[in-house]
file run20.pdb (PDB, C-alpha atoms)
ATOM      1  CA  MET U   1      28.251  30.702 -48.197
ATOM      2  CA  ASN U   2      25.212  28.711 -49.355
ATOM      3  CA  ALA U   3      26.811  26.372 -51.879
ATOM      4  CA  PRO U   4      27.815  22.817 -50.913
ATOM      5  CA  LEU U   5      31.436  22.359 -49.886
ATOM      6  CA  THR U   6      33.239  19.149 -50.872
ATOM      7  CA  LEU U   7      36.425  18.463 -48.921
ATOM      8  CA  PRO U   8      38.924  15.605 -48.562
ATOM      9  CA  ALA U   9      39.416  13.639 -45.357
ATOM     10  CA  PRO U  10      42.897  12.123 -45.763
ATOM     11  CA  ALA U  11      44.320   8.945 -44.286
ATOM     12  CA  LYS U  12      47.250   8.948 -41.885
ATOM     13  CA  LEU U  13      50.076   6.528 -41.269
ATOM     14  CA  ASN U  14      51.910   5.992 -38.017
ATOM     15  CA  ARG U  15      55.496   5.964 -39.256
ATOM     16  CA  MET U  16      56.416   4.654 -35.787
ATOM     17  CA  LEU U  17      54.385   3.893 -32.641
ATOM     18  CA  HIS U  18      55.855   3.278 -29.181
ATOM     19  CA  ILE U  19      53.826   2.531 -26.060
ATOM     20  CA  VAL U  20      55.719   4.015 -23.133
ATOM     21  CA  GLY U  21      53.274   3.488 -20.260
ATOM     22  CA  ARG U  22      49.747   2.938 -19.047
ATOM     23  CA  ARG U  23      47.858   5.707 -17.296
ATOM     24  CA  ASP U  24      45.618   5.468 -14.240
ATOM     25  CA  ASP U  25      42.568   5.992 -16.470
ATOM     26  CA  GLY U  26      43.440   2.884 -18.482
ATOM     27  CA  TYR U  27      44.619   4.739 -21.580
ATOM     28  CA  HIS U  28      48.135   4.180 -22.873
ATOM     29  CA  SER U  29      50.870   6.800 -23.198
ATOM     30  CA  LEU U  30      52.221   6.840 -26.736
ATOM     31  CA  GLN U  31      54.971   8.311 -28.855
ATOM     32  CA  THR U  32      54.229   8.364 -32.554
ATOM     33  CA  LEU U  33      54.899  10.138 -35.836
ATOM     34  CA  PHE U  34      51.769  10.981 -37.835
ATOM     35  CA  GLN U  35      52.015  11.489 -41.573
ATOM     36  CA  PHE U  36      49.244  12.120 -44.078
ATOM     37  CA  ILE U  37      48.917  10.352 -47.408
ATOM     38  CA  ASP U  38      46.960  11.353 -50.496
ATOM     39  CA  LEU U  39      44.373   8.610 -50.012
ATOM     40  CA  CYS U  40      41.143  10.281 -48.911
ATOM     41  CA  ASP U  41      37.462  10.016 -48.131
ATOM     42  CA  TYR U  42      35.417  12.962 -49.402
ATOM     43  CA  LEU U  43      32.735  14.852 -47.490
ATOM     44  CA  THR U  44      30.135  17.132 -49.021
ATOM     45  CA  LEU U  45      28.712  19.661 -46.552
ATOM     46  CA  THR U  46      25.566  21.570 -47.476
ATOM     47  CA  PRO U  47      24.290  24.320 -45.128
ATOM     48  CA  ARG U  48      20.740  24.242 -43.796
ATOM     49  CA  SER U  49      18.770  27.090 -42.239
ATOM     50  CA  ASP U  50      16.560  24.803 -40.102
ATOM     51  CA  GLY U  51      19.333  23.768 -37.709
ATOM     52  CA  GLU U  52      19.028  20.066 -38.574
ATOM     53  CA  ILE U  53      22.123  17.832 -38.882
ATOM     54  CA  GLN U  54      21.437  15.081 -41.379
ATOM     55  CA  LEU U  55      23.795  12.444 -42.807
ATOM     56  CA  THR U  56      22.622  11.117 -46.153
ATOM     57  CA  GLY U  57      23.363   7.510 -46.990
ATOM     58  CA  GLU U  58      24.456   4.848 -44.549
ATOM     59  CA  VAL U  59      27.866   3.835 -43.271
ATOM     60  CA  SER U  60      27.906   0.081 -42.721
ATOM     61  CA  GLY U  61      27.754  -0.917 -39.067
ATOM     62  CA  VAL U  62      27.383   2.649 -37.719
ATOM     63  CA  SER U  63      24.050   4.209 -36.752
ATOM     64  CA  HIS U  64      23.259   7.742 -37.894
ATOM     65  CA  ASP U  65      23.595   9.384 -34.487
ATOM     66  CA  ASP U  66      26.767   7.464 -33.591
ATOM     67  CA  ASN U  67      28.603   8.444 -36.761
ATOM     68  CA  LEU U  68      31.565  10.668 -35.901
ATOM     69  CA  VAL U  69      30.584  13.088 -38.674
ATOM     70  CA  VAL U  70      27.167  13.678 -37.121
ATOM     71  CA  ARG U  71      28.635  13.886 -33.613
ATOM     72  CA  ALA U  72      31.270  16.378 -34.785
ATOM     73  CA  ALA U  73      28.668  18.590 -36.486
ATOM     74  CA  ARG U  74      26.407  18.602 -33.431
ATOM     75  CA  LEU U  75      29.324  19.261 -31.096
ATOM     76  CA  LEU U  76      30.409  22.293 -33.134
ATOM     77  CA  GLN U  77      26.814  23.478 -33.429
ATOM     78  CA  THR U  78      26.307  23.337 -29.654
ATOM     79  CA  HIS U  79      29.705  24.864 -28.880
ATOM     80  CA  SER U  80      29.244  27.796 -31.246
ATOM     81  CA  GLY U  81      25.533  28.392 -30.695
ATOM     82  CA  THR U  82      24.929  28.715 -34.430
ATOM     83  CA  PRO U  83      21.313  28.348 -35.607
ATOM     84  CA  LEU U  84      22.535  26.748 -38.836
ATOM     85  CA  GLY U  85      22.517  23.061 -39.668
ATOM     86  CA  ALA U  86      23.985  20.921 -42.433
ATOM     87  CA  THR U  87      23.379  17.959 -44.675
ATOM     88  CA  LEU U  88      26.442  15.702 -44.709
ATOM     89  CA  LYS U  89      27.440  13.136 -47.299
ATOM     90  CA  ILE U  90      30.472  10.811 -47.115
ATOM     91  CA  GLU U  91      32.138   9.215 -50.118
ATOM     92  CA  LYS U  92      34.120   6.405 -48.475
ATOM     93  CA  GLN U  93      37.464   5.313 -49.903
ATOM     94  CA  LEU U  94      39.287   4.405 -46.684
ATOM     95  CA  PRO U  95      38.615   0.990 -45.139
ATOM     96  CA  MET U  96      36.901   1.092 -41.762
ATOM     97  CA  GLY U  97      38.916  -0.248 -38.843
ATOM     98  CA  GLY U  98      42.075  -0.167 -40.903
ATOM     99  CA  GLY U  99      44.295   2.003 -38.720
ATOM    100  CA  LEU U 100      44.277   4.810 -41.295
ATOM    101  CA  GLY U 101      42.247   7.170 -39.101
ATOM    102  CA  GLY U 102      39.277   7.405 -41.446
ATOM    103  CA  GLY U 103      36.632   8.096 -38.786
ATOM    104  CA  SER U 104      38.804  10.659 -37.005
ATOM    105  CA  SER U 105      39.677  12.322 -40.299
ATOM    106  CA  ASN U 106      35.988  12.494 -41.268
ATOM    107  CA  ALA U 107      35.237  14.164 -37.930
ATOM    108  CA  ALA U 108      38.066  16.671 -38.366
ATOM    109  CA  THR U 109      36.990  17.561 -41.911
ATOM    110  CA  THR U 110      33.464  18.111 -40.586
ATOM    111  CA  LEU U 111      34.715  20.457 -37.844
ATOM    112  CA  VAL U 112      37.050  22.418 -40.116
ATOM    113  CA  GLY U 113      34.627  22.478 -43.043
ATOM    114  CA  LEU U 114      31.591  23.585 -41.042
ATOM    115  CA  ASN U 115      33.690  26.211 -39.271
ATOM    116  CA  CYS U 116      34.233  27.661 -42.745
ATOM    117  CA  LEU U 117      30.735  26.990 -44.090
ATOM    118  CA  TRP U 118      28.986  28.458 -41.039
ATOM    119  CA  GLN U 119      31.494  31.359 -40.957
ATOM    120  CA  LEU U 120      32.300  30.740 -37.292
ATOM    121  CA  ASN U 121      35.985  31.687 -37.635
ATOM    122  CA  LEU U 122      37.035  29.577 -34.646
ATOM    123  CA  PRO U 123      40.824  29.004 -34.415
ATOM    124  CA  LEU U 124      42.232  25.558 -35.153
ATOM    125  CA  ASP U 125      43.369  25.108 -31.545
ATOM    126  CA  GLU U 126      39.771  25.477 -30.398
ATOM    127  CA  LEU U 127      38.524  23.038 -33.028
ATOM    128  CA  ALA U 128      41.239  20.565 -32.019
ATOM    129  CA  ARG U 129      40.151  20.735 -28.367
ATOM    130  CA  LEU U 130      36.603  19.989 -29.468
ATOM    131  CA  GLY U 131      37.823  17.160 -31.664
ATOM    132  CA  LEU U 132      39.659  15.524 -28.782
ATOM    133  CA  GLN U 133      36.248  14.805 -27.247
ATOM    134  CA  LEU U 134      35.559  12.607 -30.273
ATOM    135  CA  GLY U 135      38.870  10.763 -30.465
ATOM    136  CA  ALA U 136      42.577  11.073 -29.725
ATOM    137  CA  ASP U 137      43.516  11.203 -33.430
ATOM    138  CA  VAL U 138      41.096  14.000 -34.368
ATOM    139  CA  PRO U 139      43.400  16.917 -33.358
ATOM    140  CA  VAL U 140      46.198  15.974 -35.785
ATOM    141  CA  PHE U 141      43.705  15.962 -38.654
ATOM    142  CA  VAL U 142      42.324  19.340 -37.542
ATOM    143  CA  HIS U 143      45.787  20.910 -37.438
ATOM    144  CA  GLY U 144      46.666  19.332 -40.772
ATOM    145  CA  HIS U 145      50.414  18.828 -40.534
ATOM    146  CA  SER U 146      52.780  15.919 -39.945
ATOM    147  CA  ALA U 147      53.410  15.714 -36.240
ATOM    148  CA  TRP U 148      55.317  14.123 -33.393
ATOM    149  CA  ALA U 149      52.663  13.084 -30.881
ATOM    150  CA  GLU U 150      52.755  12.115 -27.228
ATOM    151  CA  GLY U 151      50.173  11.566 -24.472
ATOM    152  CA  VAL U 152      47.333   9.546 -26.003
ATOM    153  CA  GLY U 153      48.314  11.073 -29.328
ATOM    154  CA  GLU U 154      46.927  14.565 -28.721
ATOM    155  CA  GLN U 155      50.122  16.395 -27.656
ATOM    156  CA  LEU U 156      51.348  17.507 -31.069
ATOM    157  CA  THR U 157      54.554  19.083 -32.346
ATOM    158  CA  LYS U 158      54.698  19.967 -36.036
ATOM    159  CA  VAL U 159      57.508  18.183 -37.928
ATOM    160  CA  MET U 160      58.715  17.712 -41.478
ATOM    161  CA  LEU U 161      59.060  14.102 -42.618
ATOM    162  CA  ASP U 162      60.369  12.563 -45.793
ATOM    163  CA  THR U 163      57.635  11.996 -48.381
ATOM    164  CA  PRO U 164      58.189   8.596 -49.971
ATOM    165  CA  TRP U 165      55.688   6.584 -51.947
ATOM    166  CA  PHE U 166      53.766   4.027 -49.933
ATOM    167  CA  VAL U 167      52.125   0.750 -50.785
ATOM    168  CA  VAL U 168      49.216   0.291 -48.366
ATOM    169  CA  ILE U 169      47.608  -3.132 -47.983
ATOM    170  CA  HIS U 170      44.377  -4.040 -46.218
ATOM    171  CA  PRO U 171      44.373  -7.772 -45.392
ATOM    172  CA  GLY U 172      40.587  -7.874 -45.513
ATOM    173  CA  ILE U 173      39.887  -8.238 -41.804
ATOM    174  CA  SER U 174      38.972  -5.852 -38.996
ATOM    175  CA  VAL U 175      41.086  -5.361 -35.868
ATOM    176  CA  SER U 176      39.585  -4.591 -32.463
ATOM    177  CA  THR U 177      41.717  -1.763 -31.087
ATOM    178  CA  PRO U 178      40.499  -2.270 -27.481
ATOM    179  CA  SER U 179      41.406  -5.958 -27.599
ATOM    180  CA  VAL U 180      44.922  -5.132 -28.789
ATOM    181  CA  PHE U 181      45.475  -2.599 -26.008
ATOM    182  CA  GLN U 182      44.070  -5.026 -23.435
ATOM    183  CA  ASP U 183      46.277  -7.921 -24.532
ATOM    184  CA  PRO U 184      48.582  -8.955 -21.655
ATOM    185  CA  GLN U 185      51.419  -9.556 -24.126
ATOM    186  CA  LEU U 186      51.404  -5.980 -25.429
ATOM    187  CA  THR U 187      54.616  -4.034 -24.887
ATOM    188  CA  ARG U 188      53.726  -1.161 -22.555
ATOM    189  CA  ASP U 189      57.136  -0.112 -21.269
ATOM    190  CA  SER U 190      59.157   1.045 -24.249
ATOM    191  CA  ARG U 191      61.789   3.526 -23.156
ATOM    192  CA  PRO U 192      60.727   7.049 -24.165
ATOM    193  CA  ILE U 193      62.876   8.644 -26.860
ATOM    194  CA  THR U 194      63.330  12.253 -27.868
ATOM    195  CA  MET U 195      61.626  13.711 -30.898
ATOM    196  CA  ALA U 196      65.044  14.426 -32.420
ATOM    197  CA  ARG U 197      66.027  10.770 -32.149
ATOM    198  CA  ALA U 198      62.721   9.651 -33.608
ATOM    199  CA  LEU U 199      63.187  11.959 -36.590
ATOM    200  CA  GLN U 200      66.485  10.283 -37.414
ATOM    201  CA  GLY U 201      64.384   7.314 -38.502
ATOM    202  CA  GLY U 202      65.344   3.731 -39.096
ATOM    203  CA  ALA U 203      65.379   0.676 -36.831
ATOM    204  CA  PRO U 204      64.923   0.207 -33.958
ATOM    205  CA  GLU U 205      63.131   3.535 -33.416
ATOM    206  CA  TRP U 206      60.784   3.242 -36.382
ATOM    207  CA  ARG U 207      58.745   0.278 -35.204
ATOM    208  CA  ASN U 208      55.178  -0.312 -34.050
ATOM    209  CA  ASP U 209      54.837  -1.798 -30.559
ATOM    210  CA  CYS U 210      51.388  -3.169 -31.439
ATOM    211  CA  GLU U 211      52.716  -5.238 -34.311
ATOM    212  CA  ALA U 212      53.774  -8.403 -32.450
ATOM    213  CA  VAL U 213      50.407  -8.768 -30.682
ATOM    214  CA  VAL U 214      48.435  -8.020 -33.858
ATOM    215  CA  LYS U 215      50.423 -10.554 -35.895
ATOM    216  CA  GLU U 216      49.832 -13.192 -33.221
ATOM    217  CA  ARG U 217      46.093 -12.498 -32.964
ATOM    218  CA  TYR U 218      45.472 -12.034 -36.690
ATOM    219  CA  PRO U 219      47.420 -14.500 -38.895
ATOM    220  CA  PRO U 220      46.207 -12.873 -42.171
ATOM    221  CA  ILE U 221      47.966  -9.659 -41.100
ATOM    222  CA  ALA U 222      51.141 -11.574 -40.296
ATOM    223  CA  GLU U 223      50.977 -13.203 -43.728
ATOM    224  CA  ALA U 224      50.576  -9.873 -45.526
ATOM    225  CA  LEU U 225      53.309  -8.193 -43.480
ATOM    226  CA  ASN U 226      55.745 -11.014 -44.111
ATOM    227  CA  TRP U 227      54.999 -10.845 -47.832
ATOM    228  CA  LEU U 228      55.377  -7.066 -48.055
ATOM    229  CA  ALA U 229      58.595  -7.056 -46.012
ATOM    230  CA  GLN U 230      60.237  -9.067 -48.789
ATOM    231  CA  HIS U 231      59.827  -6.039 -51.049
ATOM    232  CA  ALA U 232      60.553  -3.029 -48.799
ATOM    233  CA  PRO U 233      60.682  -1.924 -45.146
ATOM    234  CA  SER U 234      57.171  -2.580 -43.838
ATOM    235  CA  ARG U 235      55.118  -2.101 -40.699
ATOM    236  CA  LEU U 236      51.636  -1.840 -39.259
ATOM    237  CA  THR U 237      49.864   1.500 -38.962
ATOM    238  CA  GLY U 238      48.079   2.077 -35.659
ATOM    239  CA  THR U 239      46.620  -1.225 -34.490
ATOM    240  CA  GLY U 240      45.967  -2.221 -38.105
ATOM    241  CA  ALA U 241      44.603  -3.912 -40.011
ATOM    242  CA  CYS U 242      46.391  -1.886 -42.696
ATOM    243  CA  LEU U 243      50.120  -2.161 -43.231
ATOM    244  CA  PHE U 244      52.481  -0.206 -45.427
ATOM    245  CA  ALA U 245      55.869  -0.217 -47.093
ATOM    246  CA  THR U 246      58.001   2.704 -48.249
ATOM    247  CA  PHE U 247      59.432   3.179 -51.749
ATOM    248  CA  GLU U 248      61.592   5.901 -53.246
ATOM    249  CA  THR U 249      59.746   6.081 -56.559
ATOM    250  CA  GLN U 250      56.174   5.770 -57.735
ATOM    251  CA  GLN U 251      57.234   3.203 -60.321
ATOM    252  CA  THR U 252      58.706   0.768 -57.802
ATOM    253  CA  ALA U 253      55.690   1.233 -55.530
ATOM    254  CA  GLN U 254      53.298   0.510 -58.392
ATOM    255  CA  ALA U 255      55.226  -2.590 -59.395
ATOM    256  CA  THR U 256      54.901  -4.044 -55.891
ATOM    257  CA  ALA U 257      51.271  -2.959 -55.641
ATOM    258  CA  GLN U 258      50.432  -4.841 -58.826
ATOM    259  CA  LEU U 259      51.721  -8.019 -57.202
ATOM    260  CA  ALA U 260      50.015  -7.325 -53.875
ATOM    261  CA  GLU U 261      46.593  -6.592 -55.362
ATOM    262  CA  GLN U 262      46.428 -10.171 -56.610
ATOM    263  CA  HIS U 263      45.863 -11.077 -52.936
ATOM    264  CA  TRP U 264      44.622  -7.995 -51.037
ATOM    265  CA  PRO U 265      43.017  -4.566 -51.525
ATOM    266  CA  THR U 266      46.033  -2.350 -52.214
ATOM    267  CA  TRP U 267      46.717   1.344 -52.779
ATOM    268  CA  VAL U 268      49.694   3.419 -53.867
ATOM    269  CA  ALA U 269      49.850   6.742 -52.021
ATOM    270  CA  ARG U 270      52.271   9.636 -51.630
ATOM    271  CA  GLY U 271      53.456  10.802 -48.227
ATOM    272  CA  LEU U 272      52.479  14.390 -47.401
ATOM    273  CA  ASN U 273      53.443  16.903 -44.735
ATOM    274  CA  THR U 274      50.364  19.106 -45.239
ATOM    275  CA  SER U 275      46.828  17.754 -45.197
ATOM    276  CA  PRO U 276      44.886  17.898 -48.490
ATOM    277  CA  LEU U 277      42.029  19.313 -46.399
ATOM    278  CA  HIS U 278      43.968  22.493 -45.678
ATOM    279  CA  ASP U 279      45.213  22.678 -49.255
ATOM    280  CA  ALA U 280      41.590  22.486 -50.461
ATOM    281  CA  LEU U 281      40.357  25.156 -48.055
ATOM    282  CA  GLY U 282      43.024  27.508 -49.341
ATOM    283  CA  SER U 283      40.922  27.816 -52.489
ATOM    284  CA  TYR U 284      37.797  28.979 -50.627
TER     285      TYR U 284
END

call {"tool": "encode", "arguments": {"input": "run20.pdb", "output": "structure tokens"}}
result
Amino acid sequence: MNAPLTLPAPAKLNRMLHIVGRRDDGYHSLQTLFQFIDLCDYLTLTPRSDGEIQLTGEVSGVSHDDNLVVRAARLLQTHSGTPLGATLKIEKQLPMGGGLGGGSSNAATTLVGLNCLWQLNLPLDELARLGLQLGADVPVFVHGHSAWAEGVGEQLTKVMLDTPWFVVIHPGISVSTPSVFQDPQLTRDSRPITMARALQGGAPEWRNDCEAVVKERYPPIAEALNWLAQHAPSRLTGTGACLFATFETQQTAQATAQLAEQHWPTWVARGLNTSPLHDALGSY
């Protein structure tokens, strides 16, 4: 395959996020439900015969060699021993540092896409193990299905979730994930629940344990969350800054989004159980 391959890198939402402990290595033990939405970045991957990995264009605030897309390509190249390289181009739609998993999703699309483009035929489990070296959220994007996750987010069990319409708001600020997890006020001892109980949904299980700390540290997020909660059940995704509300119909979601976008960058997105990345690769 010599032609360029253009693939989506979808956003994710954490429908719920509990922090159930802190490990000896400093990382936190989580329980969460990952769901994809049809809001995506797009990556164009073009094979090269000279073995070079080159990202065209710049991503603000990230050097070329530190970009997760470049790191993912080089990791797969080294792991597989392929002599091939690639030129990589990202069309960004997802806000950086928004809790939507954009960087992890970009890395996963790079791994899965180059596995196809370079005709490596590595299984998804192997790609997911590679992806874990780049970030805890990369494996769920590699596997491409809604999932119940434990550990640091890498222990995945495939699930089927409802697929409502979402209004997603970005309050226009960036959240430091390390600072949230280091905050002494963060809840770190939520009682673990079973996957079956989590899938029943609703309060108090469907909450985000990071939300109280983030609202305290970032008043613009608290303001946006309080506004959105007047319209529908709302919560933070990941450590933010993005937040979301669920709606039964596209029309009601769009009506709320039209009000929200007077104040903040806002999107209407559909919940998905299968990643658009895997849907796209089905056509190749």

call {"tool": "atom_distance", "arguments": {"input": "run20.pdb", "atom1": "CA of Leu124 in chain U", "atom2": "CA of Ser80 in chain U"}}
result
13.7 Å

call {"tool": "resolve_selection", "arguments": {"input": "run20.pdb", "expression": "the PyMOL selection byres ((chain U and resi 95) around 12)", "output": "PDB file with C-alpha atoms, keeping the file's coordinate frame"}}
result
ATOM      1  CA  PRO U  10      42.897  12.123 -45.763  1.00  0.00           C
ATOM      2  CA  ALA U  11      44.320   8.945 -44.286  1.00  0.00           C
ATOM      3  CA  LEU U  39      44.373   8.610 -50.012  1.00  0.00           C
ATOM      4  CA  CYS U  40      41.143  10.281 -48.911  1.00  0.00           C
ATOM      5  CA  ASP U  41      37.462  10.016 -48.131  1.00  0.00           C
ATOM      6  CA  VAL U  59      27.866   3.835 -43.271  1.00  0.00           C
ATOM      7  CA  SER U  60      27.906   0.081 -42.721  1.00  0.00           C
ATOM      8  CA  GLU U  91      32.138   9.215 -50.118  1.00  0.00           C
ATOM      9  CA  LYS U  92      34.120   6.405 -48.475  1.00  0.00           C
ATOM     10  CA  GLN U  93      37.464   5.313 -49.903  1.00  0.00           C
ATOM     11  CA  LEU U  94      39.287   4.405 -46.684  1.00  0.00           C
ATOM     12  CA  MET U  96      36.901   1.092 -41.762  1.00  0.00           C
ATOM     13  CA  GLY U  97      38.916  -0.248 -38.843  1.00  0.00           C
ATOM     14  CA  GLY U  98      42.075  -0.167 -40.903  1.00  0.00           C
ATOM     15  CA  GLY U  99      44.295   2.003 -38.720  1.00  0.00           C
ATOM     16  CA  LEU U 100      44.277   4.810 -41.295  1.00  0.00           C
ATOM     17  CA  GLY U 101      42.247   7.170 -39.101  1.00  0.00           C
ATOM     18  CA  GLY U 102      39.277   7.405 -41.446  1.00  0.00           C
ATOM     19  CA  GLY U 103      36.632   8.096 -38.786  1.00  0.00           C
ATOM     20  CA  VAL U 168      49.216   0.291 -48.366  1.00  0.00           C
ATOM     21  CA  ILE U 169      47.608  -3.132 -47.983  1.00  0.00           C
ATOM     22  CA  HIS U 170      44.377  -4.040 -46.218  1.00  0.00           C
ATOM     23  CA  PRO U 171      44.373  -7.772 -45.392  1.00  0.00           C
ATOM     24  CA  GLY U 172      40.587  -7.874 -45.513  1.00  0.00           C
ATOM     25  CA  ILE U 173      39.887  -8.238 -41.804  1.00  0.00           C
ATOM     26  CA  SER U 174      38.972  -5.852 -38.996  1.00  0.00           C
ATOM     27  CA  VAL U 175      41.086  -5.361 -35.868  1.00  0.00           C
ATOM     28  CA  GLY U 240      45.967  -2.221 -38.105  1.00  0.00           C
ATOM     29  CA  ALA U 241      44.603  -3.912 -40.011  1.00  0.00           C
ATOM     30  CA  CYS U 242      46.391  -1.886 -42.696  1.00  0.00           C
ATOM     31  CA  PRO U 265      43.017  -4.566 -51.525  1.00  0.00           C
ATOM     32  CA  THR U 266      46.033  -2.350 -52.214  1.00  0.00           C
ATOM     33  CA  TRP U 267      46.717   1.344 -52.779  1.00  0.00           C
TER      34      TRP U 267
END

call {"tool": "residues_around", "arguments": {"input": "run20.pdb", "residues": "Trp227 in chain U", "least_positions_apart": "6", "cutoff": "10 Å", "atoms": "all atoms listed in the file", "output": "count of residues only"}}
result
3

call {"tool": "axis_aligned_box", "arguments": {"input": "run20.pdb", "around": "range 65-77 of chain U", "padding_each_side": "3 Å", "output": "JSON"}}
result
{"center_x": 27.6, "center_y": 15.5, "center_z": -34.9, "size_x": 14.0, "size_y": 22.0, "size_z": 13.6}

call {"tool": "closest_residue", "arguments": {"input": "run20.pdb", "among": "U:Val20, U:Leu161, U:Leu281, U:Glu154", "to": "Gly201 in chain U", "atoms": "all atoms listed in the file"}}
result
U:Leu161

call {"tool": "atom_distance", "arguments": {"input": "run20.pdb", "atom1": "CA of Ser275 in chain U", "atom2": "CA of Gly131 in chain U"}}
result
16.3 Å

call {"tool": "atom_distance", "arguments": {"input": "run20.pdb", "atom1": "CA of Glu216 in chain U", "atom2": "CA of Ile37 in chain U"}}
result
27.5 Å

call {"tool": "closest_residue", "arguments": {"input": "run20.pdb", "among": "U:Glu150, U:Asp137, U:Glu223, U:Asp162", "to": "Thr194 in chain U", "atoms": "all atoms listed in the file"}}
result
U:Glu150

call {"tool": "closest_residue", "arguments": {"input": "run20.pdb", "among": "U:Leu75, U:Leu199, U:His231, U:Leu114", "to": "Arg129 in chain U", "atoms": "only C-alpha atoms"}}
result
U:Leu75

call {"tool": "residues_around", "arguments": {"input": "run20.pdb", "residues": "Gly202 in chain U", "least_positions_apart": "5", "cutoff": "12 Å", "atoms": "all atoms listed in the file", "output": "list in words"}}
result
Arg15, Met16, Arg197, Arg207, Pro233, Ser234, Arg235 and Thr246 of chain U

call {"tool": "residues_around", "arguments": {"input": "run20.pdb", "residues": "Cys210 in chain U", "least_positions_apart": "4", "cutoff": "10 Å", "atoms": "only C-alpha atoms", "output": "list of chain:residue names"}}
result
U:Leu17, U:His18, U:Ile19, U:Thr177, U:Val180, U:Phe181, U:Asp183, U:Gln185, U:Leu186, U:Thr187, U:Arg188, U:Val214, U:Lys215, U:Leu236, U:Thr237, U:Gly238, U:Thr239, U:Gly240

call {"tool": "residues_around", "arguments": {"input": "run20.pdb", "residues": "Ala269 in chain U", "least_positions_apart": "6", "cutoff": "12 Å", "atoms": "only C-alpha atoms", "output": "PyMOL selection string"}}
result
chain U and resi 10-13+35-40+163-169+244-251+253-254+257

call {"tool": "closest_residue", "arguments": {"input": "run20.pdb", "among": "U:Gly51, U:Pro204, U:Gly151, U:Pro8", "to": "Val112 in chain U", "atoms": "all atoms listed in the file"}}
result
U:Pro8

call {"tool": "residues_around", "arguments": {"input": "run20.pdb", "residues": "Leu76 in chain U", "least_positions_apart": "3", "cutoff": "9 Å", "atoms": "only C-alpha atoms", "output": "PyMOL selection string"}}
result
chain U and resi 71-73+79-82+111+114-115+127+130

call {"tool": "decode", "arguments": {"input": "run20.pdb", "residues": "range 96-100 of chain U", "atoms": "all heavy atoms", "output": "PDB file, in the first residue's frame"}}
result
ATOM      1  N   MET U  96      -6.447  20.628  23.000  1.00  0.00           N
ATOM      2  CA  MET U  96      -5.374  19.997  23.754  1.00  0.00           C
ATOM      3  C   MET U  96      -5.599  20.228  25.246  1.00  0.00           C
ATOM      4  O   MET U  96      -6.050  21.288  25.664  1.00  0.00           O
ATOM      5  CB  MET U  96      -4.024  20.563  23.318  1.00  0.00           C
ATOM      6  CG  MET U  96      -3.676  20.242  21.875  1.00  0.00           C
ATOM      7  SD  MET U  96      -2.091  20.918  21.362  1.00  0.00           S
ATOM      8  CE  MET U  96      -0.974  20.029  22.450  1.00  0.00           C
ATOM      9  N   GLY U  97      -5.293  19.214  26.045  1.00  0.00           N
ATOM     10  CA  GLY U  97      -5.461  19.336  27.486  1.00  0.00           C
ATOM     11  C   GLY U  97      -6.903  19.446  27.914  1.00  0.00           C
ATOM     12  O   GLY U  97      -7.210  20.020  28.957  1.00  0.00           O
ATOM     13  N   GLY U  98      -7.800  18.861  27.118  1.00  0.00           N
ATOM     14  CA  GLY U  98      -9.218  19.006  27.405  1.00  0.00           C
ATOM     15  C   GLY U  98      -9.856  17.807  28.086  1.00  0.00           C
ATOM     16  O   GLY U  98     -11.055  17.832  28.368  1.00  0.00           O
ATOM     17  N   GLY U  99      -9.086  16.743  28.302  1.00  0.00           N
ATOM     18  CA  GLY U  99      -9.664  15.549  28.908  1.00  0.00           C
ATOM     19  C   GLY U  99     -10.398  14.661  27.933  1.00  0.00           C
ATOM     20  O   GLY U  99     -11.081  13.720  28.334  1.00  0.00           O
ATOM     21  N   LEU U 100     -10.257  14.941  26.627  1.00  0.00           N
ATOM     22  CA  LEU U 100     -10.927  14.149  25.598  1.00  0.00           C
ATOM     23  C   LEU U 100     -10.019  13.067  25.019  1.00  0.00           C
ATOM     24  O   LEU U 100     -10.442  12.306  24.158  1.00  0.00           O
ATOM     25  CB  LEU U 100     -11.423  15.056  24.466  1.00  0.00           C
ATOM     26  CG  LEU U 100     -12.455  16.121  24.860  1.00  0.00           C
ATOM     27  CD1 LEU U 100     -12.790  17.010  23.663  1.00  0.00           C
ATOM     28  CD2 LEU U 100     -13.723  15.491  25.413  1.00  0.00           C
TER      29      LEU U 100
END
